[in-house]
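S.K.: Please see the structure below; I have some questions.
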Amino acid sequence: MKIEFNQVYHIGLRSIYGPSTQTISNLMFHSKHVKEGSVFFSIRGENQDGHEFIDEAIANGAVAVVGDHDEHLESLSRSYPECSFVLVEDVRKAMAYMSKHFYGRPDEKLLTIGVTGTNGKTTVSAYVRSLLNLLEKPTGLVGTTGIWSSKEKFKYKKSTPTTPEAIDLHHIFSLLDQQGDVAASMEVSSIALDQKRVEGITFDVAIHTNFSEEHLEYHKTIDHYKACKLKLFAQARCAVVNADDEGMGKEVLELFEGPKIIYSLLEESNADLKASHLEVGEKGSYFKLDYKGETCQAFAPVYGTYNISNVLSAIGAALHFGYSIKEIVEVLPQLKSPEGRFQVIQADNHPKVILDYAHTPVALTRLVEEVKKLKYNKLIVMIAGIGIRDFKKMPKMAAIIEGKADEIIVTVDHPGFHDPQIIVDQVMTGFKNPDAHNIHTALTREEGVRKSLHLGQADDIILLTSGCINNAQIIKGKEIPHSDEAIIEAHYLQSS
Ligand SMILES: CC(=O)N[C@H]1[C@@H](OP(=O)(O)OP(=O)(O)OC[C@H]2O[C@@H](n3ccc(=O)[nH]c3=O)[C@H](O)[C@@H]2O)O[C@H](CO)[C@@H](O)[C@@H]1O[C@H](C)C(=O)N[C@@H](C)C(=O)N[C@H](CCC(=O)O)C(=O)O
Ligand SMILES: Nc1ncnc2c1ncn2[C@@H]1O[C@H](COP(=O)(O)OP(=O)(O)OP(=O)(O)O)[C@@H](O)[C@H]1O
């Protein structure tokens with residue numbers, strides 16, 4: 001593609017040293033991935049400054065460099081006269097707008113639905129994809145569980161755990177558009193908003209789930225975390241807002257002036273969209289649905305009160321796209337849930353195993369409340385300290401589970417560069433009585449799952465919380481394959 005740098009909108013151009021036009025073949029932000037014809041974005045990160053890798057990028061074939069260090073770019077332009085040095089105000093913002101330009105503004109060809117909140121992003125974005133597909137609007141999905149078109153999962157190497165870097169995101173949007181999808185449902189993390197990965201996208205619908213403490217290892221303060229999440233609503237046409245969320249609901253409503261659908265689980269609320277009279281059946285939940293006074297009975301194949309709230313937010317998105325409550329309720333029984341979110345594994349003569357990604361204090365509290373509504377003899381719960389997250393969260397998980405389960409297994413998820421024993425010790429500080437006979441420890445998730453399974457009998461429930469990113473454990477910077485399901489299957493085979 002031939003590119004004239006001063007013709008690309010909103011990149012915050014300050015100056016161009018060297019040629020103002022180039023023929024480019026791809027966009028990159030890591031010098032080692034640069035190929036012939038790349039544009040290299042030199043980002044100042046937490047550990048490194050991308051400007052230090054410009055020589056390497058050019059040696060690998062970069063024909064243009066985008067940076068914010070004026071003197072450095074100017075001086076390099078004298079050594080590399082054929083290369084364009086594009087000085088911008090903010091490299092991440094320039095990367096977002098240039099990605100949009102390079103891929104032909106694919107975000108504008110699709111209906112985009114962005115989901116933000118502390119808990120429920122993966123679940124809601126998957127519900128939105130499923131619901132819109134059932135309503136015959138082919139919709140893809142971008143998030144923690146991978147990249148999906150309306151039909152299948154893509155084999156796509158993700159650049160981040162949840163919300164892709166702008167270059168990948170616009171590439172994914174263009175793939176969805178080429179495959180005939182008309183909408184994309186995506187998780188938008190606070191970190192992505194802070195790092196401007198979705199800058200330049202106007203979401204057709206922005207969904208808010210809830211807000212509580214999380215990601216302090218990155219944001220440092222809760223106010224910064226909230227301010228980042230709120231940014232999504234400044235770049236949305238319509239909003240779906242959870243009235244029951246005390247964490248951020250009020251702020252979203254104050255900030256957002258466009259069309260909005262407010263949802264609630266409280267019958268007495270004056271929200272637009274409400275679910276009440278919840279009843280749990282064998283295959284899911286029954287509830288009364290009320291949209292602006294129009295009421296009907298509904299069924300969705302999901303468990304847990306908070307998942308009804310998640311279903312409501314997906315319904316809100318469909319309502320914004322013009323579907324009627326009648327059309328939505330008709331297809332709701334076929335709604336598909338994402339894996340690892342209240343995923344029940346049941347085999348004859350074995351305990352019921354529930355896999356759930358709950359990894360925040362609020363999620364664990366809600367989850368255990370819901371599981372306790374089911375029938376069981378003994379409840380066995382595995383919790384984990386996540387090495388790559390905030391250490392202060394770990395004891396809180398222990399305090400929540402103490403006294404609520406018959407057996408507790410404390411293990412480690414994604415130790416990163418930490419010693420697993422230190423992580424387990426940190427979780428243990430949250431128990432009032434860490435020496436209790438029913439509290440067990442395991443230094444790897446694999447061992448934790450095995451221990452939990454050995455403690456269980458038929459009629460028991462084993463709840464395995466926290467969870468995997470991309471079916472792997474992150475250990476010393478590497479992704480080591482891991483699957484709870486494979487361990488469970490092997491255990492079933494051994495004991496049958
Ligand atoms: C902690 C964090 O914010 N990391 C992000 C950050 O990396 P960093 O600051 O560590 O980068 P760095 O190592 O200092 O390097 C700076 C720059 O130099 C470049 N470089 C570096 C070395 C080299 O040899 N050559 C080179 O060009 C790097 O590519 C980078 O552009 O900047 C990078 C470029 O934008 C991001 O890709 C990276 O996200 C990493 C992959 C990540 O794991 N992020 C997580 C924390 C994240 O984003 N999580 C959220 C939420 C997940 C959830 O839902 O809970 C998500 O949306 O995924
Ligand atoms: N609306 C909700 N309120 C409280 N807890 C929830 C809600 N939705 C889901 N959860 C809990 O949080 C866990 C994680 O859910 P989900 O993966 O959908 O959230 P997420 O925001 O995508 O988290 P992450 O970005 O870290 O993957 C679920 O397994 C469940 O235990």
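How things are named: the first chain in the structure tokens is A, the next is B, and so on; residues count from 1 in each chain; ligands count from 1 in the order shown.
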Excluding region 396-402 of chain A and any residue of its chain fewer than 4 positions from it, enumerate the residues within 7 Å of it, using only C-alpha atoms, and give them as a PyMOL selection string.
M.R.: chain A and resi 361+365+427-428+430-431
S.K.: Could you please take those selected residues and save C-alpha atoms as a JSON list (two decimals), in the first residue's frame?
M.R.:
```json
[["chain", "number", "residue", "atom", "x", "y", "z"],
["A", 361, "PRO", "CA", -13.28, -11.15, 45.31],
["A", 365, "THR", "CA", -18.48, -14.28, 46.46],
["A", 427, "VAL", "CA", -3.12, -16.46, 49.90],
["A", 428, "MET", "CA", -2.88, -18.31, 53.25],
["A", 430, "GLY", "CA", -6.13, -14.35, 54.42],
["A", 431, "PHE", "CA", -7.42, -17.30, 56.49]]
```
S.K.: Please tabulate, as a Markdown table, the residues of chain A that come within 6 Å of ligand 1, each with its closest pair of atoms and the distance in Å to one decimal, counting only C-alpha atoms and all ligand atoms and ordering rows by chain, then residue number upward.
M.R.:
```
| residue | atom | partner | partner_atom_place_in_ligand_line | distance |
| --- | --- | --- | --- | --- |
| A:Phe29 | CA | ligand 1 | 31 (O) | 4.8 |
| A:His30 | CA | ligand 1 | 27 (O) | 3.5 |
| A:Ser31 | CA | ligand 1 | 27 (O) | 3.8 |
| A:Lys32 | CA | ligand 1 | 25 (N) | 5.8 |
| A:Ile43 | CA | ligand 1 | 31 (O) | 4.6 |
| A:Arg44 | CA | ligand 1 | 16 (C) | 5.1 |
| A:Gly45 | CA | ligand 1 | 9 (O) | 3.2 |
| A:Glu46 | CA | ligand 1 | 9 (O) | 3.6 |
| A:Asn47 | CA | ligand 1 | 14 (O) | 3.3 |
| A:Gln48 | CA | ligand 1 | 14 (O) | 3.6 |
| A:Asp49 | CA | ligand 1 | 16 (C) | 5.0 |
| A:Gly50 | CA | ligand 1 | 18 (O) | 3.7 |
| A:Phe53 | CA | ligand 1 | 27 (O) | 5.4 |
| A:Ser159 | CA | ligand 1 | 41 (C) | 5.8 |
| A:Thr160 | CA | ligand 1 | 41 (C) | 4.4 |
| A:Pro161 | CA | ligand 1 | 58 (O) | 3.8 |
| A:Thr162 | CA | ligand 1 | 58 (O) | 3.5 |
| A:Thr163 | CA | ligand 1 | 57 (O) | 3.8 |
| A:Ser189 | CA | ligand 1 | 57 (O) | 4.7 |
| A:Ile191 | CA | ligand 1 | 50 (C) | 5.2 |
| A:Ala192 | CA | ligand 1 | 57 (O) | 5.0 |
```
S.K.: Next, write the just-selected residues to a file, as a tab-separated table (two decimals), in the first residue's frame, keeping C-alpha atoms as the atom set.
M.R.:
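So the final result, stored in selection.tsv, reads:
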```tsv
chain	number	residue	atom	x	y	z
A	29	PHE	CA	5.45	-2.43	17.20
A	30	HIS	CA	8.19	-4.99	17.96
A	31	SER	CA	11.52	-4.52	16.19
A	32	LYS	CA	12.14	-8.29	16.02
A	43	ILE	CA	6.47	2.79	21.90
A	44	ARG	CA	7.79	3.81	25.30
A	45	GLY	CA	6.79	0.85	27.48
A	46	GLU	CA	7.08	-0.14	31.12
A	47	ASN	CA	10.45	-1.82	30.65
A	48	GLN	CA	11.88	-0.64	27.35
A	49	ASP	CA	11.79	2.35	25.04
A	50	GLY	CA	10.94	1.31	21.49
A	53	PHE	CA	15.22	-0.54	18.69
A	159	SER	CA	-1.00	-10.02	20.98
A	160	THR	CA	-2.59	-9.62	24.45
A	161	PRO	CA	-4.77	-11.75	26.77
A	162	THR	CA	-8.05	-9.88	26.13
A	163	THR	CA	-8.21	-6.77	23.91
A	189	SER	CA	-10.33	-3.90	29.01
A	191	ILE	CA	-5.70	-1.49	30.06
A	192	ALA	CA	-6.66	-1.42	26.37
```
S.K.: Per DSSP on the backbone, what are the strand (DSSP E or B) residues of region 80-268 of chain A, as a ChimeraX atom specification?
M.R.: /A:84-88,111-116,139-143,146-148,153,183-187,203-208,236-242,260-264
S.K.: Do you know which residues are within 9 Å of ligand 2 using only C-alpha atoms and all ligand atoms? Can you write them as number ranges by chain?
M.R.: A: 115-126, 143-145, 161-163, 187-189, 209-211, 214, 304-310, 338, 340-343, 355-360, 362-368, 465-467, 469
S.K.: I'd like to know which of A:Gly37, A:Gly456, A:Gly12, A:Pro81 is closest to Asn349 (chain A), using only C-alpha atoms.
M.R.: A:Gly456
S.K.: So, counting only C-alpha atoms, which residue among A:Thr23, A:Ser150, A:Ser15, A:Gln494 is closest to Leu132 (chain A)?
M.R.: A:Ser150
S.K.: Under the rule that only C-alpha atoms are counted, which of A:Gln346, A:Thr21, A:Ser269, A:Ser337 is the nearest residue to Val302 (chain A)?
M.R.: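 The answer is A:Ser337, which sits nearest to Val302 (chain A).
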S.K.: From the set A:Leu135, A:Leu453, A:Ile475, A:Val371, which residue has the shortest atom-to-atom contact distance to Gly322 (chain A), counting only C-alpha atoms?
M.R.: A:Leu135
S.K.: May I ask which of the residues A:Glu257, A:Asp459, A:Gln426, A:Tyr376 is the closest one to Lys393 (chain A), counting only C-alpha atoms?
M.R.: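 Residue with the minimum atom-to-atom distance to Lys393 (chain A): A:Gln426.
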S.K.: Go through A:Ala184, A:Val410, A:Val8, A:Ala94 one by one, measure the shortest atom-to-atom distance of each to Phe40 (chain A) using only C-alpha atoms, and give the residue with the smallest value.
M.R.: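 Of all the options, A:Ala94 lies closest to Phe40 (chain A).
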